[in-house]
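File shown: input-v2.cif (mmCIF, C-alpha atoms).
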```cif
data_target
loop_
_atom_site.label_atom_id
_atom_site.label_comp_id
_atom_site.auth_asym_id
_atom_site.auth_seq_id
_atom_site.Cartn_x
_atom_site.Cartn_y
_atom_site.Cartn_z
CA MET S 1 128.47 40.87 33.94
CA THR S 2 131.88 39.71 32.97
CA SER S 3 134.66 38.19 35.01
CA GLY S 4 137.54 40.55 35.79
CA ARG S 5 140.10 37.91 36.75
CA SER S 6 143.64 39.07 37.40
CA THR S 7 146.74 37.07 38.17
CA PRO S 8 148.62 37.70 41.45
CA SER S 9 152.22 38.81 41.15
CA ARG S 10 154.90 36.33 42.11
CA PRO S 11 155.75 38.07 45.43
CA ALA S 12 152.08 38.15 46.42
CA ALA S 13 151.51 34.54 45.39
CA ALA S 14 154.43 33.43 47.54
CA PHE S 15 152.54 34.47 50.66
CA LEU S 16 149.32 32.63 49.86
CA PHE S 17 149.93 29.00 50.77
CA PRO S 18 150.09 29.54 54.56
CA PHE S 19 146.69 31.14 54.40
CA LEU S 20 144.74 28.39 52.67
CA LEU S 21 142.85 27.55 55.85
CA LEU S 22 141.84 31.18 56.10
CA ALA S 23 140.87 31.08 52.44
CA LEU S 24 138.60 28.11 52.99
CA ALA S 25 136.85 29.93 55.78
CA LEU S 26 136.30 32.90 53.48
CA LEU S 27 134.95 30.98 50.51
CA SER S 28 131.74 32.54 49.29
CA GLY S 29 131.15 30.79 46.00
CA CYS S 30 133.68 32.99 44.26
CA ALA S 31 134.31 30.81 41.24
CA GLY S 32 134.54 32.56 37.90
CA SER S 33 132.40 35.64 37.64
CA LEU S 34 131.04 37.07 40.85
CA ILE S 35 128.07 39.14 39.80
CA PRO S 36 125.11 38.94 42.11
CA PRO S 37 122.22 39.42 39.68
CA SER S 38 118.69 39.09 40.94
CA ALA S 39 119.03 38.67 44.65
CA GLY S 40 115.49 40.00 44.43
CA PRO S 41 113.27 41.86 41.99
CA ALA S 42 114.68 44.85 40.14
CA PRO S 43 113.51 48.35 41.00
CA GLY S 44 110.42 49.70 39.32
CA THR S 45 106.93 48.39 38.82
CA ALA S 46 106.96 44.63 38.34
CA ALA S 47 105.03 43.08 35.49
CA GLN S 48 101.97 41.08 36.41
CA PRO S 49 102.90 37.40 36.22
CA ALA S 50 101.74 35.47 33.18
CA PRO S 51 100.87 32.13 34.81
CA ALA S 52 101.71 28.84 33.16
CA THR S 53 101.72 25.16 34.00
CA PRO S 54 105.30 23.90 34.09
CA ARG S 55 106.38 20.55 32.78
CA PRO S 56 107.16 18.29 35.76
CA PRO S 57 110.74 17.12 36.30
CA VAL S 58 111.72 13.76 34.84
CA ALA S 59 111.01 10.94 37.28
CA PRO S 60 113.97 8.50 37.32
CA THR S 61 113.10 4.89 36.54
CA GLN S 62 116.18 3.65 38.39
CA PRO S 63 118.70 5.00 40.92
CA VAL S 64 120.39 8.14 39.61
CA PRO S 65 124.15 7.56 39.15
CA VAL S 66 126.48 10.10 40.71
CA VAL S 67 130.20 10.78 40.72
CA ALA S 68 131.79 12.36 43.79
CA GLY S 69 132.22 16.10 43.49
CA GLU S 70 130.37 19.42 43.77
CA ASN S 71 129.29 19.56 40.15
CA ALA S 72 126.66 18.18 37.78
CA LEU S 73 128.11 14.67 37.97
CA GLY S 74 127.89 14.83 41.74
CA ALA S 75 124.26 16.00 41.58
CA GLY S 76 123.38 13.11 39.27
CA LEU S 77 122.08 12.97 35.70
CA VAL S 78 118.76 11.67 34.44
CA PRO S 79 118.25 11.20 30.66
CA GLY S 80 115.45 13.41 29.40
CA PRO S 81 112.78 13.01 26.72
CA PRO S 82 113.50 13.66 23.01
CA VAL S 83 114.30 17.30 22.33
CA ALA S 84 112.08 17.33 19.23
CA GLY S 85 109.01 17.20 21.44
CA LEU S 86 110.20 20.00 23.71
CA VAL S 87 111.45 22.87 21.55
CA ARG S 88 109.17 24.93 19.34
CA GLN S 89 110.09 27.61 16.83
CA SER S 90 109.76 31.06 18.39
CA GLU S 91 111.60 34.36 18.62
CA ARG S 92 113.29 33.12 21.80
CA THR S 93 114.46 29.92 20.07
CA ARG S 94 115.87 32.00 17.22
CA ALA S 95 117.63 34.37 19.62
CA ALA S 96 118.97 31.42 21.61
CA PHE S 97 120.34 29.88 18.41
CA ALA S 98 122.18 33.13 17.58
CA ALA S 99 123.55 33.29 21.15
CA PHE S 100 124.69 29.67 20.92
CA LYS S 101 126.62 30.37 17.71
CA LEU S 102 128.31 33.29 19.45
CA SER S 103 129.32 30.98 22.31
CA CYS S 104 130.75 28.21 20.12
CA PRO S 105 134.40 29.36 20.01
CA SER S 106 134.50 29.39 23.81
CA LEU S 107 132.68 26.05 24.07
CA LEU S 108 135.31 24.43 21.88
CA ARG S 109 138.26 25.63 23.95
CA ARG S 110 137.25 26.32 27.56
CA ALA S 111 137.37 23.84 30.43
CA ASP S 112 133.95 22.71 31.61
CA GLN S 113 133.64 22.89 35.41
CA SER S 114 130.50 20.75 35.36
CA GLY S 115 132.44 17.66 34.29
CA LEU S 116 129.87 16.93 31.58
CA THR S 117 131.52 17.96 28.32
CA ARG S 118 134.81 18.28 26.51
CA GLY S 119 135.56 20.78 23.79
CA GLN S 120 135.34 18.17 21.07
CA ASP S 121 131.80 17.23 22.14
CA TRP S 122 130.56 20.56 20.76
CA ALA S 123 132.38 20.39 17.42
CA THR S 124 129.60 18.83 15.35
CA ALA S 125 126.84 21.15 16.59
CA CYS S 126 129.02 24.24 16.34
CA GLY S 127 130.14 23.29 12.85
CA ALA S 128 126.56 22.84 11.71
CA ALA S 129 125.46 26.11 13.33
CA THR S 130 127.66 28.20 11.05
CA SER S 131 125.43 27.55 8.03
CA TRP S 132 122.13 26.64 9.67
CA PRO S 133 119.28 29.11 8.98
CA GLU S 134 117.89 30.91 12.02
CA ALA S 135 114.39 30.20 10.76
CA GLY S 136 115.04 26.53 11.52
CA ALA S 137 116.48 27.06 15.00
CA ALA S 138 114.07 24.59 16.65
CA ASP S 139 115.08 21.87 14.18
CA PHE S 140 118.74 22.60 14.92
CA PHE S 141 118.33 22.02 18.66
CA SER S 142 116.22 18.91 18.01
CA ARG S 143 118.81 17.39 15.68
CA TYR S 144 122.06 18.09 17.50
CA PHE S 145 121.09 17.95 21.17
CA GLU S 146 119.79 15.54 23.78
CA ALA S 147 118.15 16.47 27.07
CA VAL S 148 119.44 15.57 30.51
CA GLN S 149 118.17 16.54 33.94
CA VAL S 150 120.67 17.59 36.59
CA GLY S 151 119.66 16.39 40.04
CA ASP S 152 115.96 16.61 40.77
CA GLY S 153 115.38 19.09 37.94
CA LYS S 154 113.37 21.47 40.14
CA ALA S 155 114.17 24.91 38.78
CA PHE S 156 114.00 28.37 40.32
CA ALA S 157 114.54 31.40 38.06
CA THR S 158 114.74 35.12 38.74
CA GLY S 159 115.40 37.98 36.31
CA TYR S 160 117.94 40.72 35.74
CA TYR S 161 118.27 43.60 33.31
CA GLU S 162 120.54 46.49 32.35
CA PRO S 163 119.48 49.51 34.44
CA GLU S 164 119.97 53.16 33.53
CA ILE S 165 120.73 55.77 36.20
CA ALA S 166 121.90 59.38 36.28
CA GLY S 167 125.67 59.80 36.24
CA SER S 168 128.56 62.00 35.24
CA ARG S 169 132.18 61.65 34.23
CA THR S 170 133.09 64.37 36.73
CA ARG S 171 132.26 64.87 40.38
CA SER S 172 129.89 67.61 41.50
CA ALA S 173 127.35 68.25 44.23
CA ALA S 174 124.75 66.61 41.99
CA TYR S 175 126.92 63.53 41.37
CA PRO S 176 128.67 62.60 44.64
CA VAL S 177 128.75 58.77 44.44
CA PRO S 178 132.00 57.30 43.06
CA VAL S 179 131.84 54.48 40.51
CA TYR S 180 135.14 52.69 41.03
CA ARG S 181 137.38 50.82 38.63
CA ARG S 182 138.86 47.52 39.75
CA PRO S 183 141.71 48.32 42.17
CA PRO S 184 145.14 46.93 41.19
CA ASP S 185 145.64 45.45 44.67
CA LEU S 186 142.53 43.22 44.37
CA ILE S 187 143.93 39.73 43.79
CA ASP S 188 142.20 36.56 42.62
CA VAL S 189 143.57 33.32 44.07
CA ASP S 190 142.90 30.05 42.26
CA LEU S 191 142.80 27.56 45.13
CA GLY S 192 143.06 24.68 42.67
CA LEU S 193 146.72 25.59 42.22
CA PHE S 194 147.30 24.51 45.82
CA SER S 195 145.08 21.44 46.10
CA ASP S 196 143.25 19.26 43.59
CA SER S 197 140.30 19.11 46.00
CA LEU S 198 139.88 22.88 45.57
CA LYS S 199 139.79 22.96 41.78
CA GLY S 200 137.31 25.49 40.44
CA ARG S 201 137.33 27.55 43.64
CA THR S 202 138.61 31.09 43.77
CA ILE S 203 138.89 33.69 46.51
CA ARG S 204 139.69 37.37 46.36
CA GLY S 205 141.66 39.55 48.71
CA ARG S 206 144.77 41.69 49.03
CA VAL S 207 148.29 41.44 50.36
CA ASP S 208 148.94 43.28 53.62
CA GLY S 209 152.60 42.98 54.52
CA GLN S 210 153.28 39.27 54.78
CA LYS S 211 149.62 38.29 54.91
CA PHE S 212 146.84 37.68 52.40
CA VAL S 213 143.72 39.23 53.88
CA PRO S 214 140.10 39.88 52.83
CA TYR S 215 139.56 42.92 50.65
CA HIS S 216 137.88 46.05 52.03
CA GLU S 217 134.15 45.66 52.58
CA ARG S 218 131.38 47.93 51.32
CA ALA S 219 131.28 50.23 54.35
CA GLN S 220 135.00 50.93 54.06
CA ILE S 221 134.71 51.66 50.34
CA ALA S 222 131.37 53.47 50.11
CA ASP S 223 131.48 55.40 53.40
CA GLY S 224 135.06 55.17 54.63
CA GLY S 225 136.62 56.48 51.42
CA ILE S 226 139.40 53.93 51.61
CA LEU S 227 139.82 53.95 47.81
CA ALA S 228 139.49 57.74 47.43
CA GLY S 229 142.41 59.65 45.97
CA ARG S 230 143.85 56.66 44.09
CA GLY S 231 142.56 57.67 40.67
CA LEU S 232 140.09 54.79 40.57
CA GLU S 233 136.96 56.88 39.98
CA LEU S 234 135.55 55.81 36.62
CA ALA S 235 132.48 58.04 36.94
CA TRP S 236 130.09 59.49 39.50
CA ALA S 237 126.46 58.58 40.18
CA ALA S 238 123.71 60.89 41.43
CA ASP S 239 121.87 58.51 43.74
CA PRO S 240 123.54 56.03 46.13
CA VAL S 241 120.40 53.87 46.24
CA GLU S 242 120.12 53.60 42.44
CA PHE S 243 123.83 52.84 42.21
CA PHE S 244 123.53 50.15 44.87
CA PHE S 245 120.97 48.33 42.73
CA LEU S 246 123.00 48.84 39.58
CA GLN S 247 125.75 46.95 41.40
CA VAL S 248 123.26 44.18 42.14
CA GLN S 249 122.52 43.91 38.42
CA GLY S 250 126.24 43.88 37.56
CA SER S 251 126.19 46.34 34.65
CA GLY S 252 124.21 49.31 33.44
CA ARG S 253 124.03 52.66 31.74
CA LEU S 254 124.86 56.09 33.10
CA ARG S 255 122.81 58.87 31.51
CA LEU S 256 125.22 61.81 31.48
CA PRO S 257 124.19 65.46 31.97
CA ASP S 258 124.30 66.12 28.21
CA GLY S 259 121.93 63.21 27.55
CA SER S 260 124.55 60.83 26.20
CA ILE S 261 125.00 57.32 27.58
CA MET S 262 128.05 55.81 29.25
CA ARG S 263 127.83 52.03 29.51
CA ILE S 264 129.62 50.32 32.38
CA GLY S 265 130.21 46.62 32.94
CA TYR S 266 131.31 44.36 35.74
CA ASP S 267 135.07 44.28 36.33
CA GLY S 268 135.40 42.38 39.57
CA GLN S 269 134.01 42.18 43.07
CA ASN S 270 135.69 42.52 46.43
CA GLY S 271 135.29 38.85 47.35
CA ARG S 272 132.99 39.51 50.29
CA ASP S 273 129.78 37.54 50.80
CA TYR S 274 126.71 38.90 49.08
CA THR S 275 123.73 39.64 51.36
CA GLY S 276 120.30 40.30 49.90
CA ILE S 277 118.98 43.25 51.87
CA GLY S 278 115.37 42.67 50.79
CA LYS S 279 115.03 39.52 52.86
CA LEU S 280 116.92 41.14 55.71
CA MET S 281 114.54 44.10 55.75
CA LYS S 282 111.45 41.94 55.45
CA ASP S 283 112.60 39.73 58.33
CA ARG S 284 113.00 42.85 60.47
CA GLY S 285 109.52 44.09 59.59
CA LEU S 286 110.79 47.19 57.81
CA ILE S 287 108.95 46.37 54.60
CA ARG S 288 106.01 44.10 53.86
CA ALA S 289 105.82 43.10 50.19
CA GLY S 290 109.58 42.87 49.65
CA SER S 291 109.63 44.30 46.12
CA MET S 292 112.65 46.35 45.11
CA GLN S 293 110.45 49.44 44.88
CA ASP S 294 109.46 48.91 48.52
CA ILE S 295 113.11 48.59 49.44
CA MET S 296 114.13 51.74 47.57
CA ASN S 297 111.31 53.80 49.05
CA TRP S 298 112.27 52.78 52.59
CA LEU S 299 115.99 53.44 52.00
CA ARG S 300 115.25 56.94 50.70
CA ALA S 301 112.82 57.71 53.51
CA ASN S 302 115.39 56.61 56.11
CA PRO S 303 118.76 57.66 54.65
CA ALA S 304 120.99 57.05 57.68
CA GLU S 305 119.45 53.68 58.55
CA GLY S 306 119.29 52.86 54.85
CA ARG S 307 122.99 53.41 54.36
CA ALA S 308 123.72 51.13 57.32
CA ILE S 309 121.49 48.43 55.85
CA MET S 310 123.12 48.69 52.42
CA ASN S 311 126.48 48.26 54.13
CA GLU S 312 125.30 44.98 55.63
CA ASN S 313 125.79 43.68 52.10
CA LYS S 314 129.60 43.69 52.30
CA SER S 315 129.94 42.85 48.62
CA PHE S 316 131.09 45.71 46.37
CA VAL S 317 131.26 45.59 42.56
CA PHE S 318 133.84 47.37 40.39
CA PHE S 319 133.25 48.52 36.82
CA ARG S 320 134.91 49.36 33.55
CA GLU S 321 133.59 51.41 30.66
CA LEU S 322 132.15 49.41 27.78
CA THR S 323 132.71 50.89 24.35
CA GLY S 324 131.86 47.90 22.16
CA ALA S 325 129.07 45.36 22.16
CA GLY S 326 127.59 44.56 25.50
CA PRO S 327 126.79 44.15 28.26
CA LEU S 328 129.23 41.29 28.62
CA GLY S 329 128.60 38.01 30.41
CA ALA S 330 130.95 35.70 32.25
CA MET S 331 132.20 34.26 28.93
CA GLY S 332 133.43 37.70 27.89
CA LEU S 333 130.72 37.79 25.20
CA PRO S 334 127.78 40.15 24.73
CA VAL S 335 124.68 38.78 26.44
CA THR S 336 121.41 38.58 24.53
CA ALA S 337 118.13 39.94 25.84
CA GLU S 338 115.59 37.17 26.44
CA ALA S 339 118.09 34.48 25.42
CA THR S 340 120.95 34.66 27.93
CA VAL S 341 120.61 33.01 31.32
CA ALA S 342 123.03 33.12 34.26
CA ALA S 343 123.78 29.71 35.77
CA ASP S 344 126.24 28.01 38.08
CA PRO S 345 129.07 26.72 35.83
CA ARG S 346 129.62 23.78 38.17
CA TYR S 347 126.27 22.42 37.00
CA VAL S 348 125.78 23.95 33.55
CA PRO S 349 128.55 24.27 30.95
CA LEU S 350 128.88 27.94 30.02
CA GLY S 351 127.56 28.27 26.47
CA ALA S 352 125.17 25.31 26.74
CA PRO S 353 121.44 25.55 25.98
CA VAL S 354 118.98 25.22 28.87
CA LEU S 355 115.27 24.48 28.50
CA LEU S 356 113.07 26.14 31.14
CA SER S 357 109.45 25.27 31.91
CA LEU S 358 108.14 27.40 34.77
CA ASP S 359 104.94 28.61 36.36
CA ARG S 360 105.65 31.90 34.56
CA ALA S 361 104.97 31.93 30.82
CA GLU S 362 107.50 34.65 29.93
CA PRO S 363 110.70 32.55 30.32
CA GLU S 364 109.32 29.40 28.67
CA GLY S 365 111.76 27.88 26.16
CA VAL S 366 115.45 27.69 25.29
CA TRP S 367 118.08 29.91 26.93
CA ILE S 368 121.87 29.92 26.62
CA ALA S 369 124.01 29.88 29.77
CA GLN S 370 126.37 32.79 29.08
CA ASP S 371 126.59 34.39 32.51
CA THR S 372 127.11 33.63 36.19
CA GLY S 373 126.20 35.37 39.44
CA GLY S 374 127.14 35.46 43.10
CA ALA S 375 123.56 34.58 44.07
CA ILE S 376 123.16 31.99 41.30
CA LYS S 377 124.48 28.83 42.93
CA GLY S 378 123.55 25.16 42.73
CA PRO S 379 121.83 22.96 40.17
CA ASN S 380 118.74 24.33 38.41
CA ARG S 381 119.13 27.89 39.74
CA PHE S 382 118.93 30.44 36.93
CA ASP S 383 118.74 34.19 36.33
CA THR S 384 117.10 35.26 33.07
CA PHE S 385 118.37 38.38 31.26
CA TRP S 386 115.71 40.69 29.80
CA GLY S 387 117.76 43.51 28.27
CA ALA S 388 117.25 47.22 28.91
CA GLY S 389 114.30 49.58 29.07
CA ASP S 390 110.95 49.71 30.81
CA ARG S 391 109.74 46.29 29.63
CA ALA S 392 112.93 44.59 30.75
CA ARG S 393 112.80 46.36 34.10
CA ALA S 394 109.18 45.37 34.65
CA ILE S 395 109.60 41.69 33.76
CA ALA S 396 112.90 41.25 35.59
CA GLY S 397 111.41 43.06 38.59
CA GLY S 398 108.68 40.49 39.02
CA MET S 399 110.45 37.38 37.82
CA SER S 400 110.31 34.55 40.32
CA GLY S 401 109.47 31.32 38.56
CA ARG S 402 109.48 27.71 39.67
CA GLY S 403 109.18 24.58 37.59
CA SER S 404 111.61 22.29 35.82
CA ALA S 405 114.82 22.60 33.81
CA LEU S 406 116.54 20.40 31.27
CA LEU S 407 120.10 20.84 30.08
CA LEU S 408 120.70 20.31 26.35
CA LEU S 409 123.99 18.54 25.59
CA PRO S 410 125.43 17.42 22.25
CA VAL S 411 123.99 14.12 21.06
CA GLY S 412 126.04 11.23 22.41
CA THR S 413 127.28 13.03 25.55
CA TYR S 414 125.23 10.96 28.00
CA ALA S 415 126.26 7.71 26.32
CA ARG S 416 129.93 8.72 26.63
CA LEU S 417 129.52 9.62 30.30
CA ALA S 418 127.64 6.37 30.91
CA ALA S 419 130.40 4.31 29.28
CA GLU S 420 133.08 6.13 31.28
CA ASN S 421 131.24 5.68 34.57
CA GLY S 422 129.42 2.37 34.10
CA TRP S 423 125.89 3.84 33.98
CA SER S 424 122.81 2.55 32.20
CA THR S 425 121.93 4.44 29.04
CA SER S 426 118.19 3.67 29.17
CA GLN S 427 115.79 6.58 28.71
CA PRO S 428 112.91 7.27 31.13
#
```
Can I see the file as structure tokens?
Amino acid sequence: MTSGRSTPSRPAAAFLFPFLLLALALLSGCAGSLIPPSAGPAPGTAAQPAPATPRPPVAPTQPVPVVAGENALGAGLVPGPPVAGLVRQSERTRAAFAAFKLSCPSLLRRADQSGLTRGQDWATACGAATSWPEAGAADFFSRYFEAVQVGDGKAFATGYYEPEIAGSRTRSAAYPVPVYRRPPDLIDVDLGLFSDSLKGRTIRGRVDGQKFVPYHERAQIADGGILAGRGLELAWAADPVEFFFLQVQGSGRLRLPDGSIMRIGYDGQNGRDYTGIGKLMKDRGLIRAGSMQDIMNWLRANPAEGRAIMNENKSFVFFRELTGAGPLGAMGLPVTAEATVAADPRYVPLGAPVLLSLDRAEPEGVWIAQDTGGAIKGPNRFDTFWGAGDRARAIAGGMSGRGSALLLLPVGTYARLAAENGWSTSQP
């Protein structure tokens, strides 16, 4: 769940500029962290949906102002209603408040790709949070934040969780599937270093002689053994299908033969496009319902064809062992069950609160954007994190909610943006 960014060496970087056109052709939304959580439901029995009536998006009373660019300013902002009427005290609000406090140091210092905030904008709220009681979390959000809607505000949310599968630190006939560390020849390229128009965009690949080329795809790694013998095996999994879906989630737990747990977290991705095999299989008529359990059953019943289908998702995730708090999100911080949401950082500042109102009751309320994902792109697209265990697996497995989303920004942010861009500051 965390970004494993590395810096190319000087010799490698020297070769990159001639290949920018190639890089543009290879772009696959590889900014920041490249986890693909929730391309579809998680394996296991999905929870029965708890229906709810979502709050409708805010209807603009005048043309929505936009600023050129592929970010929140480019999507357009609409002032929202008062936060005091939107946030209620609940366990989720309390957990979100704790997650927000954890995010504050990063909010104060990191660059905001969305174009909405500056570090200093968060200073007052973060300062107050240090001594604010968790029992008054709803009052905290009501006092220090204002709501804005990004674009049309129509939200779509899925779910992800921390899976647990059988694994071992050593290879054996029972544990044949390698869990690889990030290879040292996998290079991140910040395209913004070459052109201002490419700021915030990153690609991944490797140097081959005098050329920068795409990194090896899944089939070459999983079946071709192209990384074998390089000492990159972090651990070994028992089941290739279970491990495939652990990669989709971006982190997880390996239950070792002695019963102990080894936790592994995202440490990079090969830069290849992510393909959700559930939709692919449903379109081909191989499965009907499209749940992850349907997918897994078919893959196991048809191992040769299943391996070929898994390889159609060319994306491959690398891991590192986690020994401290975790799992970690794209901010490098532990994510919080039922409080952390993955979002596109071009539209939501990482660390900012988000208010979801969906046709599913379970995710109703405040979440903190602490993670990103390869499949989580665009305004109002979110992936809710539910933790570990059977409940988390069941809820994440069936999470597919639609409704509305509001972004909570420090009080005064919209007025500053309006003054800088000549917008009206009237509320709907």
I need the residue set behind the PyMOL selection byres ((chain S and resi 72) around 8) for this file; please write it as an mmCIF file with C-alpha atoms, in the frame of the given file.
```cif
data_model
loop_
_atom_site.group_PDB
_atom_site.id
_atom_site.type_symbol
_atom_site.label_atom_id
_atom_site.label_comp_id
_atom_site.auth_asym_id
_atom_site.auth_seq_id
_atom_site.Cartn_x
_atom_site.Cartn_y
_atom_site.Cartn_z
ATOM 1 C CA GLU S 70 130.370 19.420 43.770
ATOM 2 C CA ASN S 71 129.290 19.560 40.150
ATOM 3 C CA LEU S 73 128.110 14.670 37.970
ATOM 4 C CA GLY S 74 127.890 14.830 41.740
ATOM 5 C CA ALA S 75 124.260 16.000 41.580
ATOM 6 C CA GLY S 76 123.380 13.110 39.270
ATOM 7 C CA LEU S 77 122.080 12.970 35.700
ATOM 8 C CA SER S 114 130.500 20.750 35.360
ATOM 9 C CA GLY S 115 132.440 17.660 34.290
ATOM 10 C CA LEU S 116 129.870 16.930 31.580
ATOM 11 C CA VAL S 150 120.670 17.590 36.590
ATOM 12 C CA GLY S 151 119.660 16.390 40.040
ATOM 13 C CA ARG S 346 129.620 23.780 38.170
ATOM 14 C CA TYR S 347 126.270 22.420 37.000
ATOM 15 C CA VAL S 348 125.780 23.950 33.550
ATOM 16 C CA PRO S 379 121.830 22.960 40.170
#
```
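Remark: for S:Phe97, the closest of the candidate residues S:Glu312, S:Asp359, S:Asp112, S:Glu134 is S:Glu134 (distances computed over all atoms listed in the file).
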Could you make a table, as a tab-separated table, of the residues of stretch 313-336 of chain S that have an atom within 6 Å of an atom of stretch 217-236 of chain S, each with its nearest atom pair and distance in Å to one decimal, counting all atoms listed in the file, in chain and number order?
```
residue	atom	partner	partner_atom	distance
S:Lys314	CA	S:Arg218	CA	4.7
S:Ser315	CA	S:Arg218	CA	5.9
S:Phe316	CA	S:Arg218	CA	5.4
```
Go ahead and write the residues just picked, C-alpha atoms, as a compact mmCIF listing (two decimals), in the coordinates of the input.
```txt
# COMPACT_ATOMS: atom_id res chain seq x y z
CA LYS S 314 129.60 43.69 52.30
CA SER S 315 129.94 42.85 48.62
CA PHE S 316 131.09 45.71 46.37
```
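Evaluated against the shown file, the PyMOL selection byres ((chain S and resi 243) around 10) gives S:Pro163, S:Glu164, S:Ile165, S:Ala166, S:Gly167, S:Val177, S:Pro178, S:Val179, S:Trp236, S:Ala237, S:Ala238, S:Asp239, S:Pro240, S:Val241, S:Glu242, S:Phe244, S:Phe245, S:Leu246, S:Gln247, S:Val248, S:Gln249, S:Gly252, S:Leu254.
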With all atoms of stretch 162-173 of chain S from the file as input, state the centre and edge lengths in Å to one decimal of the axis-aligned box that has 3 Å extra on each side, as JSON.
```
{"center_x": 126.3, "center_y": 57.4, "center_z": 38.3, "size_x": 19.6, "size_y": 27.8, "size_z": 17.9}
```
Do you know which residues are at most 10 Å from S:Arg381 counting all atoms listed in the file, after dropping those on the same chain fewer than 2 positions away, and could you put them as a short mmCIF file (atom, residue, chain, number, x, y, z; two decimals) with C-alpha atoms, in the frame of the given file?
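The file below, result.cif, is the result:
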```
data_model
loop_
_atom_site.label_atom_id
_atom_site.label_comp_id
_atom_site.auth_asym_id
_atom_site.auth_seq_id
_atom_site.Cartn_x
_atom_site.Cartn_y
_atom_site.Cartn_z
CA GLY S 153 115.38 19.09 37.94
CA LYS S 154 113.37 21.47 40.14
CA ALA S 155 114.17 24.91 38.78
CA PHE S 156 114.00 28.37 40.32
CA ALA S 157 114.54 31.40 38.06
CA THR S 158 114.74 35.12 38.74
CA VAL S 341 120.61 33.01 31.32
CA ALA S 342 123.03 33.12 34.26
CA ALA S 343 123.78 29.71 35.77
CA ASP S 344 126.24 28.01 38.08
CA TYR S 347 126.27 22.42 37.00
CA VAL S 348 125.78 23.95 33.55
CA ALA S 375 123.56 34.58 44.07
CA ILE S 376 123.16 31.99 41.30
CA LYS S 377 124.48 28.83 42.93
CA GLY S 378 123.55 25.16 42.73
CA PRO S 379 121.83 22.96 40.17
CA ASP S 383 118.74 34.19 36.33
CA ARG S 402 109.48 27.71 39.67
CA ALA S 405 114.82 22.60 33.81
#
```
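Residue nearest S:Gly389, chosen from S:Arg253, S:Arg320, S:Arg288, S:Arg92 and counting all atoms listed in the file: S:Arg253.
Between S:Ser197 and the residues S:Gly69, S:Thr130, S:Pro51, S:Arg391, the shortest atom-to-atom distance, using only C-alpha atoms, involves S:Gly69.
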What's the 7 Å shell around S:Ala50, counting all atoms listed in the file, without same-chain residues fewer than 4 positions away, as a PyMOL selection string? chain S and resi 360-362
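Residue nearest S:Asp139, chosen from S:Pro176, S:Gly85, S:Pro54, S:Gly271 and counting all atoms listed in the file: S:Gly85.
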Report as a PDB file with C-alpha atoms, in the frame of the given file the full result of the PyMOL selection byres ((chain S and resi 282) around 12) when it is applied to this structure.
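Saved the output as out00.pdb:
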```pdb
ATOM      1  CA  GLY S  40     115.490  40.000  44.430  1.00  0.00           C
ATOM      2  CA  GLY S 276     120.300  40.300  49.900  1.00  0.00           C
ATOM      3  CA  ILE S 277     118.980  43.250  51.870  1.00  0.00           C
ATOM      4  CA  GLY S 278     115.370  42.670  50.790  1.00  0.00           C
ATOM      5  CA  LYS S 279     115.030  39.520  52.860  1.00  0.00           C
ATOM      6  CA  LEU S 280     116.920  41.140  55.710  1.00  0.00           C
ATOM      7  CA  MET S 281     114.540  44.100  55.750  1.00  0.00           C
ATOM      8  CA  ASP S 283     112.600  39.730  58.330  1.00  0.00           C
ATOM      9  CA  ARG S 284     113.000  42.850  60.470  1.00  0.00           C
ATOM     10  CA  GLY S 285     109.520  44.090  59.590  1.00  0.00           C
ATOM     11  CA  LEU S 286     110.790  47.190  57.810  1.00  0.00           C
ATOM     12  CA  ILE S 287     108.950  46.370  54.600  1.00  0.00           C
ATOM     13  CA  ARG S 288     106.010  44.100  53.860  1.00  0.00           C
ATOM     14  CA  ALA S 289     105.820  43.100  50.190  1.00  0.00           C
ATOM     15  CA  GLY S 290     109.580  42.870  49.650  1.00  0.00           C
ATOM     16  CA  SER S 291     109.630  44.300  46.120  1.00  0.00           C
ATOM     17  CA  MET S 292     112.650  46.350  45.110  1.00  0.00           C
ATOM     18  CA  ASP S 294     109.460  48.910  48.520  1.00  0.00           C
ATOM     19  CA  ILE S 295     113.110  48.590  49.440  1.00  0.00           C
ATOM     20  CA  TRP S 298     112.270  52.780  52.590  1.00  0.00           C
ATOM     21  CA  ILE S 309     121.490  48.430  55.850  1.00  0.00           C
TER      22      ILE S 309
END
```
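Shortest separation to S:Ala352 among S:Phe140, S:Phe145, S:Trp132, S:Phe194 occurs at residue S:Phe145, atoms counted being all atoms listed in the file.
Using all atoms listed in the file, the smallest distance between any of S:Gln293, S:Gln269, S:Gln113, S:Ser404 and S:Arg181 comes from S:Gln269.
For the point (115.7, 16.0, 18.9), the residues with at least one atom inside 6 Å, counting all atoms listed in the file, are Pro82, Val83, Ala84, Ser142 and Arg143 of chain S.
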Any idea what's packed within 8 Å of S:Asn270, counting only C-alpha atoms, ignoring anything in its chain fewer than 4 positions away? Could you give it as an MDAnalysis selection string? chainID S and resid 186 204:205 215:217 315:318
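Note that atom CA of S:Val66 and atom CA of S:Leu198 are 19.1 Å apart.
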